[in-house]
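Peer 1: The structure under discussion is supplied below as structure tokens; questions concerning it will follow.
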Amino acid sequence: MSMLPITDAFTRYLSDERHFSPYTARCYGADLRQFVEFLIKEHRVEIDPAREKEAFEKELPKRSPDIAGSIPGRTVTEIIRTAGSELIRGFLAHLGEHKYSSATMARKIATLRSFFKWADKRGHCTGNPMTTIRTPRQAKRLPKAITIEQVERLLAAPGDADMLGRRDRAMLETLYSTGIRVSELVGLNAEDLDLANEALRVRGKGKKERIVPLGSHAVGAVKRYLDLLHQESKSASSNAALFVNKHGGRLSSRSVRRKLDKYLKAVGLDPTISPHTLRHSFATHLLDNGADLRTVQEMLGHQSLSTTQVYTHLTTARMQDAYNRAHPRAQAS
């Protein structure tokens, strides 16, 4: 089923104006399709592209959303544009039948919240029905991190004899040295690397650029990888991908995950460790060793300090555990 003009316009807004990643935009699009499918079934309407386009282009009077529910419409677009909070609650009740996790439910509500906020501002709906909808409280989960000893075992796993082994070592060293996301890693170009100043230029969420330091071990691993890569002439220009596959093309996030899985198995580490675990470990180890929270926030590319503060809970939990185990008067006799 193709998207409606109104949902098409919203997904273009996410990509073109908000600069959402393709993955996040796809998730929002999938949530909206599920909402549309619910409306089709609930109101027994069929998609007629010409009528949907006409309904979307028709100007609507501004008013508060109908608390009693949506105004019956001839098209799905009209139902969306005149939706009230009762319609939203009906959809959420429908989602509840699928036993989604609280995190998934929260994302679906966030999708609708963003969609109707955008539609209300652009005059595409008669009011925002999400203003009275509350997002369920989620239990806070501490990010997973591995120990420095485990990191060392993982980073030592790739071989150094061929280009692919050197590449894998350089990738893992870079992930742990910088704390960048795997999507940011595979998006790196050769021109983003500043070996002289031991730094990387990273394009993060919303296409925001930041400069992150690259540790000496990572610099050495990247140099050894590039020396062999250039000998084999798989990278021809400065705007080419920094990390390439055996055919010289840009690596995908999925490929990086597969390589990580291979080395986790080789050294006997937890197979659930992901590239993001290295990001968590980067932040946790910095804070454990006295790094400033705002500096870590900047290196991670977090927009809000509260997002970074979750790592302080992890370091505090470790400190409390160490205290309980070590202090003679920490435990009741």
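A note on labels: chains of the structure tokens are A, B, ... as shown, every chain counts residues from 1, and ligands are counted from 1 in their shown order.
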Please report, as JSON lines, each residue of stretch 106-167 of chain A lying at most 9 Å from stretch 2-8 of chain A, together with the nearest pair of atoms and the separation in Å rounded to one decimal; use only C-alpha atoms, and order rows by chain and ascending residue number.
Peer 2:
```
{"residue": "A:Phe115", "atom": "CA", "partner": "A:Thr7", "partner_atom": "CA", "distance": 8.2}
{"residue": "A:Ala119", "atom": "CA", "partner": "A:Ile6", "partner_atom": "CA", "distance": 8.3}
{"residue": "A:His124", "atom": "CA", "partner": "A:Ile6", "partner_atom": "CA", "distance": 7.7}
```
Peer 1: Write out as CSV a residue-level contact list of stretch 158-221 of chain A versus stretch 17-32 of chain A with cut-off 7 Å: for each qualifying residue the closest pair of atoms and the distance in Å to one decimal, counting only C-alpha atoms, rows sorted by chain and residue number upward.
Peer 2:
```
residue,atom,partner,partner_atom,distance
A:Lys205,CA,A:Ser21,CA,6.7
A:Gly206,CA,A:His19,CA,4.5
A:Lys207,CA,A:His19,CA,6.3
```
Peer 1: Can you write out the residues you just picked, keeping N, CA and C atoms, as an mmCIF file, in the first residue's frame?
Peer 2:
```cif
data_model
loop_
_atom_site.group_PDB
_atom_site.id
_atom_site.type_symbol
_atom_site.label_atom_id
_atom_site.label_comp_id
_atom_site.auth_asym_id
_atom_site.auth_seq_id
_atom_site.Cartn_x
_atom_site.Cartn_y
_atom_site.Cartn_z
ATOM 1 N N LYS A 205 23.702 12.607 13.722
ATOM 2 C CA LYS A 205 22.267 12.729 13.484
ATOM 3 C C LYS A 205 21.937 14.153 13.074
ATOM 4 N N GLY A 206 20.979 14.283 12.157
ATOM 5 C CA GLY A 206 20.614 15.605 11.654
ATOM 6 C C GLY A 206 21.707 16.221 10.811
ATOM 7 N N LYS A 207 22.628 15.392 10.319
ATOM 8 C CA LYS A 207 23.756 15.842 9.495
ATOM 9 C C LYS A 207 24.643 16.857 10.206
#
```
Peer 1: Which one is closest to A:Arg167: A:Asn197, A:Ser101, A:Asn245, A:Asn189? Count only C-alpha atoms.
Peer 2: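 Closest to A:Arg167, using only C-alpha atoms: A:Asn245.
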Peer 1: Pick out each residue of stretch 73-116 of chain A that DSSP on the backbone tags as helix (DSSP H, G or I); I need them as a PyMOL selection string.
Peer 2: chain A and resi 76-81+85-96+102-116
Peer 1: Restricting the output to C-alpha atoms, write the selected residues as a short mmCIF file (atom, residue, chain, number, x, y, z; two decimals), in the first residue's frame.
Peer 2:
```
data_model
loop_
_atom_site.label_atom_id
_atom_site.label_comp_id
_atom_site.auth_asym_id
_atom_site.auth_seq_id
_atom_site.Cartn_x
_atom_site.Cartn_y
_atom_site.Cartn_z
CA VAL A 76 -8.60 8.30 5.04
CA THR A 77 -7.01 11.73 4.66
CA GLU A 78 -10.18 13.43 5.94
CA ILE A 79 -10.28 11.07 8.91
CA ILE A 80 -6.65 11.92 9.75
CA ARG A 81 -7.13 15.66 9.27
CA SER A 85 -8.13 12.04 20.87
CA GLU A 86 -10.67 9.21 21.00
CA LEU A 87 -9.52 7.98 17.61
CA ILE A 88 -5.92 7.98 18.84
CA ARG A 89 -6.88 6.08 21.99
CA GLY A 90 -8.69 3.53 19.85
CA PHE A 91 -5.53 3.00 17.83
CA LEU A 92 -3.42 2.66 20.98
CA ALA A 93 -5.86 0.08 22.33
CA HIS A 94 -5.50 -1.77 19.03
CA LEU A 95 -1.70 -1.71 19.43
CA GLY A 96 -2.08 -3.06 22.95
CA SER A 102 6.99 -0.35 26.21
CA ALA A 103 9.88 1.00 24.13
CA THR A 104 8.12 0.13 20.85
CA MET A 105 4.85 1.65 22.08
CA ALA A 106 6.68 4.81 23.11
CA ARG A 107 8.21 5.10 19.63
CA LYS A 108 4.85 4.65 17.91
CA ILE A 109 3.34 7.35 20.12
CA ALA A 110 6.35 9.58 19.38
CA THR A 111 5.71 9.05 15.66
CA LEU A 112 2.09 10.17 15.97
CA ARG A 113 3.11 13.06 18.21
CA SER A 114 5.61 14.33 15.64
CA PHE A 115 3.21 13.73 12.76
CA PHE A 116 0.26 15.61 14.25
#
```
Peer 1: Can you tell me how far atom CA of A:Val219 sits from atom CA of A:Gln297, in Å to one decimal?
Peer 2: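 Separation of atom CA of A:Val219 and atom CA of A:Gln297: 22.2 Å.
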Peer 1: Can you tell me which residues surround A:Leu60 at a distance of at most 8 Å, considering only C-alpha atoms, apart from same-chain residues fewer than 2 positions away, and format the answer as a list in words?
Peer 2: Lys58, Lys62, Gly123, His124, Cys125 and Thr126 of chain A
Peer 1: For A:Thr174, which of A:Glu54, A:Glu191, A:Asp292, A:Glu198 is the closest residue, counting only C-alpha atoms?
Peer 2: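 The closest residue to A:Thr174 is A:Glu198.
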Peer 1: Restricting the calculation to only C-alpha atoms: of A:Met130, A:Leu172, A:Leu264, A:Leu269, which residue gets closest to A:Val222?
Peer 2: A:Leu172
Peer 1: Check the DSSP output for the backbone and give back, as a ChimeraX atom specification, the residues of stretch 159-228 of chain A in strand (DSSP E).
Peer 2: /A:193-194,199-203,209-213
Peer 1: In Å, how far is it from atom CA of A:Lys41 to atom CA of A:Pro136?
Peer 2: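 Separation between atom CA of A:Lys41 and atom CA of A:Pro136: 25.6 Å.
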Peer 1: Do a neighbour search on A:Val186 at 9 Å with only C-alpha atoms, toss out local chain neighbours closer than 5 positions, and write the hits as a VMD selection string.
Peer 2: chain A and resid 181 241 to 244 250 to 253 256
Peer 1: If you keep C-alpha atoms, can you produce a file of those selected residues as a PDB file, in the first residue's frame?
Peer 2:
```pdb
ATOM      1  CA  ARG A 181      27.871   5.227  16.069  1.00  0.00           C
ATOM      2  CA  ALA A 241      34.782   5.655   1.829  1.00  0.00           C
ATOM      3  CA  LEU A 242      37.394   5.244   4.555  1.00  0.00           C
ATOM      4  CA  PHE A 243      36.398   1.668   5.344  1.00  0.00           C
ATOM      5  CA  VAL A 244      35.768  -0.455   2.271  1.00  0.00           C
ATOM      6  CA  ARG A 250      31.605   1.298   1.179  1.00  0.00           C
ATOM      7  CA  LEU A 251      30.928  -1.072   4.058  1.00  0.00           C
ATOM      8  CA  SER A 252      27.395  -1.313   5.476  1.00  0.00           C
ATOM      9  CA  SER A 253      26.420  -1.237   9.145  1.00  0.00           C
ATOM     10  CA  VAL A 256      30.399  -4.245  10.527  1.00  0.00           C
TER      11      VAL A 256
END
```
Peer 1: Please determine, counting only C-alpha atoms, which residue among A:Glu37, A:Glu173, A:Asp48, A:Glu209 has the shortest atom-to-atom distance to A:Gly301.
Peer 2: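 Closest candidate: A:Glu209.
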